[in-house]
Amino acid sequence: MIAPHYRAMLGAKSVIREISEWSTARGKEIGYDNVFDYSLGNPSVPCPDAFTAACKDLLDTVDPVTLHGYTPTLTLPEVRAAVAESLNRRFGMDYTAAHIFMTSGAAGALAHALRCVAVPGQNIVTFAPFFPEYKPYVEGAGLTLRVAPPRVEDFQIDLEALNALVDENTAALLINSPNNPSGVAYSAGTLARLAAWLAAASQRFGHHIFLISDEPYREIAFGGTEIPYPAKFYDDTLTCYSFSKSLSVPGERIGYLAANPRCEGADLIVPICGQISRGTGHNCPSGLFQRAVAACLDQTSDLTVYQTNMELLYAELKRLGFTVNKPDGTFYIFPKALEPDAKEFCRKAMAYDLALVPGDTFGCPGYFRMAYCIGTEKVRRSFAALERFVKAEYGVEPR
């Protein structure tokens, strides 16, 4: 028998992927340069030369059997030690190699984190707007995802909303900062209040409620914005990271899970991750890329184009009358649609060759996401299409 759970998932394909596929098909008709595709969050800048050089050096100097062989179940100890040292230096933490587990991207880190701290039947609470793949990640671990409604005025956390969602069966809260899709980073004040709330809730319910912090956009920060490190605020934090965005290597699928040394069972988290890998077939991420990122922990791609694009797009959206929060980082912006039905808004935009993603898929109806990880020249050219769209469909006169 074909598994009914996954058969059912075939009818709920990713909205983002569907819009991206439309963009590709439309591009074959009119030329992709003429489709203003703001759908997919795929880095648009090359990886740094240092990463390419590290890969070449490893291929030239390391014994191929070693380089391409299986890594240890708990992943390469020298890489884990290097990641720990980097985090300690940058964020004032005290990780050791024993607290780091290399994974196949942030998705792999989340898959392990969820199974580390929760058992089937428990719930995980997250905050809208949220990355829609959290739902299959959570449900795939036998858990239930509960979603706190968005605080749309600033997209910070509404602690009051947690009172109705967190209970004795809550294993963890799942946050994403800077956030996909809003681009907003949680402030130090927000994280301090959240930590105090979690500590009180853990005491009230008689067990540790973990914080799982999803941080693939940590290095994409604008205007000197300092992105607070959530594990500094709350001991029971598991940090999930990917090098996909910072190094522009999403296809290499490499990241890590970092267990705060003061969390419950801190010395057990990584060994347990090894056992989770056995059970999920998610073990031994690429040895080549583990070693390559270890050589580039202080490197990023040239991420400045994302701030350039954000500034241009933010100014244009404001000129066209949109309500929008200015992003702190990422390569996303999340304006309010010009009608209550964001799905219909985005459908109408397609007639103007604009590929926009409705906020419904992120748990935030009435808004839409634009992924501006595209060339700056194309961002500028899209403004004429945006202006035609809002004038024709909504009678908007630019400011």
# chains A, B, ... in the order shown; residues from 1 in each chain; ligands from 1
>>> closest_atom_pairs(of="region 229-347 of chain A", to="region 209-216 of chain A", cutoff="10 Å", atoms="only C-alpha atoms", output="Markdown table")
| residue | atom | partner | partner_atom | distance |
| --- | --- | --- | --- | --- |
| A:Tyr229 | CA | A:Ser213 | CA | 9.1 |
| A:Pro230 | CA | A:Ser213 | CA | 7.0 |
| A:Ala231 | CA | A:Ser213 | CA | 8.0 |
| A:Tyr234 | CA | A:Leu211 | CA | 7.6 |
| A:Asp235 | CA | A:Phe210 | CA | 8.6 |
| A:Asp236 | CA | A:Phe210 | CA | 5.1 |
| A:Thr237 | CA | A:Leu211 | CA | 4.6 |
| A:Leu238 | CA | A:Ile212 | CA | 4.9 |
| A:Thr239 | CA | A:Ser213 | CA | 4.8 |
| A:Cys240 | CA | A:Asp214 | CA | 4.9 |
| A:Tyr241 | CA | A:Pro216 | CA | 5.1 |
| A:Ser242 | CA | A:Pro216 | CA | 4.9 |
| A:Phe243 | CA | A:Pro216 | CA | 6.9 |
| A:Ser244 | CA | A:Pro216 | CA | 7.2 |
| A:Lys245 | CA | A:Pro216 | CA | 6.5 |
| A:Ser246 | CA | A:Pro216 | CA | 7.7 |
| A:Gly255 | CA | A:Pro216 | CA | 8.7 |
| A:Leu257 | CA | A:Asp214 | CA | 9.5 |
| A:Ala258 | CA | A:Ser213 | CA | 9.8 |
| A:Ala259 | CA | A:Ile212 | CA | 9.6 |
| A:Cys263 | CA | A:Phe210 | CA | 8.4 |
| A:Glu264 | CA | A:Phe210 | CA | 8.7 |
| A:Thr330 | CA | A:Pro216 | CA | 8.8 |
>>> write_last_selection(atoms="C-alpha atoms", output="PDB file, in the first residue's frame")
ATOM      1  CA  TYR A 229      21.898  35.401  19.502  1.00  0.00           C
ATOM      2  CA  PRO A 230      18.917  33.656  21.152  1.00  0.00           C
ATOM      3  CA  ALA A 231      21.016  31.067  23.002  1.00  0.00           C
ATOM      4  CA  TYR A 234      17.784  31.159  27.272  1.00  0.00           C
ATOM      5  CA  ASP A 235      19.768  28.133  28.416  1.00  0.00           C
ATOM      6  CA  ASP A 236      17.495  25.444  26.947  1.00  0.00           C
ATOM      7  CA  THR A 237      18.213  26.517  23.361  1.00  0.00           C
ATOM      8  CA  LEU A 238      19.113  24.400  20.364  1.00  0.00           C
ATOM      9  CA  THR A 239      20.479  26.529  17.521  1.00  0.00           C
ATOM     10  CA  CYS A 240      19.931  25.322  13.961  1.00  0.00           C
ATOM     11  CA  TYR A 241      22.119  26.861  11.273  1.00  0.00           C
ATOM     12  CA  SER A 242      22.808  26.517   7.568  1.00  0.00           C
ATOM     13  CA  PHE A 243      25.679  27.837   5.462  1.00  0.00           C
ATOM     14  CA  SER A 244      23.316  27.973   2.473  1.00  0.00           C
ATOM     15  CA  LYS A 245      22.749  31.723   2.657  1.00  0.00           C
ATOM     16  CA  SER A 246      25.934  33.036   4.261  1.00  0.00           C
ATOM     17  CA  GLY A 255      24.785  23.189   8.507  1.00  0.00           C
ATOM     18  CA  LEU A 257      22.910  21.949  15.424  1.00  0.00           C
ATOM     19  CA  ALA A 258      24.452  23.648  18.490  1.00  0.00           C
ATOM     20  CA  ALA A 259      23.214  22.679  21.961  1.00  0.00           C
ATOM     21  CA  CYS A 263      20.583  23.168  28.427  1.00  0.00           C
ATOM     22  CA  GLU A 264      18.949  20.105  29.912  1.00  0.00           C
ATOM     23  CA  THR A 330      17.341  38.188   5.018  1.00  0.00           C
TER      24      THR A 330
END
>>> select_by_dssp(residues="region 14-134 of chain A", states="strand (DSSP E or B)", output="ChimeraX atom specification")
/A:36-37,100-103,123-127
>>> residues_around(residues="region 340-354 of chain A", least_positions_apart="3", cutoff="12 Å", atoms="only C-alpha atoms", output="JSON, numbers by chain")
{"A": [15, 16, 19, 20, 22, 23, 24, 25, 26, 27, 29, 30, 31, 32, 33, 34, 35, 36, 37, 38, 39, 334, 335, 336, 337, 357, 358, 359, 360, 361, 362, 363, 364, 365, 366, 367, 368, 369, 370, 371, 378, 379, 381, 382, 383, 384, 385, 386, 387, 388, 389, 390, 391, 392, 393, 394]}
>>> atom_distance(atom1="CA of Ser277 (chain A)", atom2="CA of Ala171 (chain A)")
20.1 Å
>>> residues_around(residues="Ile254 (chain A)", least_positions_apart="4", cutoff="6 Å", atoms="only C-alpha atoms", output="ChimeraX atom specification")
/A:103-105
>>> closest_residue(among="A:Gly281, A:Pro271, A:Gly395, A:Gly375", to="Thr75 (chain A)", atoms="only C-alpha atoms")
A:Pro271
>>> residues_around(residues="Gly142 (chain A)", least_positions_apart="5", cutoff="10 Å", atoms="only C-alpha atoms", output="list in words")
Leu114, Arg115, Ala118, Val119, Pro120, Gly121, Gln122, Asn123, Pro136 and Tyr137 of chain A
>>> select_by_dssp(residues="region 197-227 of chain A", states="helix (DSSP H, G or I)", output="PDB file with N, CA, C and O atoms, in the first residue's frame")
ATOM      1  N   TRP A 197       9.495  34.318  30.000  1.00  0.00           N
ATOM      2  CA  TRP A 197       8.209  33.624  29.863  1.00  0.00           C
ATOM      3  C   TRP A 197       8.418  32.109  29.817  1.00  0.00           C
ATOM      4  O   TRP A 197       7.694  31.345  30.482  1.00  0.00           O
ATOM      5  N   LEU A 198       9.399  31.666  29.068  1.00  0.00           N
ATOM      6  CA  LEU A 198       9.677  30.232  28.948  1.00  0.00           C
ATOM      7  C   LEU A 198      10.140  29.634  30.271  1.00  0.00           C
ATOM      8  O   LEU A 198       9.752  28.510  30.630  1.00  0.00           O
ATOM      9  N   ALA A 199      10.964  30.361  30.997  1.00  0.00           N
ATOM     10  CA  ALA A 199      11.429  29.861  32.298  1.00  0.00           C
ATOM     11  C   ALA A 199      10.247  29.682  33.251  1.00  0.00           C
ATOM     12  O   ALA A 199      10.154  28.665  33.960  1.00  0.00           O
ATOM     13  N   ALA A 200       9.337  30.651  33.255  1.00  0.00           N
ATOM     14  CA  ALA A 200       8.165  30.552  34.131  1.00  0.00           C
ATOM     15  C   ALA A 200       7.249  29.425  33.688  1.00  0.00           C
ATOM     16  O   ALA A 200       6.716  28.668  34.520  1.00  0.00           O
ATOM     17  N   ALA A 201       7.056  29.281  32.371  1.00  0.00           N
ATOM     18  CA  ALA A 201       6.187  28.212  31.858  1.00  0.00           C
ATOM     19  C   ALA A 201       6.783  26.840  32.144  1.00  0.00           C
ATOM     20  O   ALA A 201       6.066  25.893  32.485  1.00  0.00           O
ATOM     21  N   SER A 202       8.104  26.718  32.008  1.00  0.00           N
ATOM     22  CA  SER A 202       8.764  25.440  32.307  1.00  0.00           C
ATOM     23  C   SER A 202       8.541  25.052  33.765  1.00  0.00           C
ATOM     24  O   SER A 202       8.277  23.884  34.085  1.00  0.00           O
ATOM     25  N   GLN A 203       8.645  26.021  34.643  1.00  0.00           N
ATOM     26  CA  GLN A 203       8.413  25.754  36.069  1.00  0.00           C
ATOM     27  C   GLN A 203       6.954  25.391  36.323  1.00  0.00           C
ATOM     28  O   GLN A 203       6.653  24.461  37.077  1.00  0.00           O
ATOM     29  N   ARG A 204       6.059  26.101  35.654  1.00  0.00           N
ATOM     30  CA  ARG A 204       4.623  25.867  35.855  1.00  0.00           C
ATOM     31  C   ARG A 204       4.210  24.473  35.399  1.00  0.00           C
ATOM     32  O   ARG A 204       3.405  23.800  36.059  1.00  0.00           O
ATOM     33  N   PHE A 205       4.769  24.013  34.268  1.00  0.00           N
ATOM     34  CA  PHE A 205       4.358  22.721  33.721  1.00  0.00           C
ATOM     35  C   PHE A 205       5.263  21.571  34.164  1.00  0.00           C
ATOM     36  O   PHE A 205       5.011  20.416  33.820  1.00  0.00           O
TER      37      PHE A 205
END
>>> closest_residue(among="A:Glu377, A:Phe322, A:Arg278, A:Phe101", to="Glu397 (chain A)", atoms="only C-alpha atoms")
A:Phe322
>>> closest_residue(among="A:Tyr372, A:Gly274, A:Glu339, A:Pro46", to="Ala355 (chain A)", atoms="only C-alpha atoms")
A:Tyr372
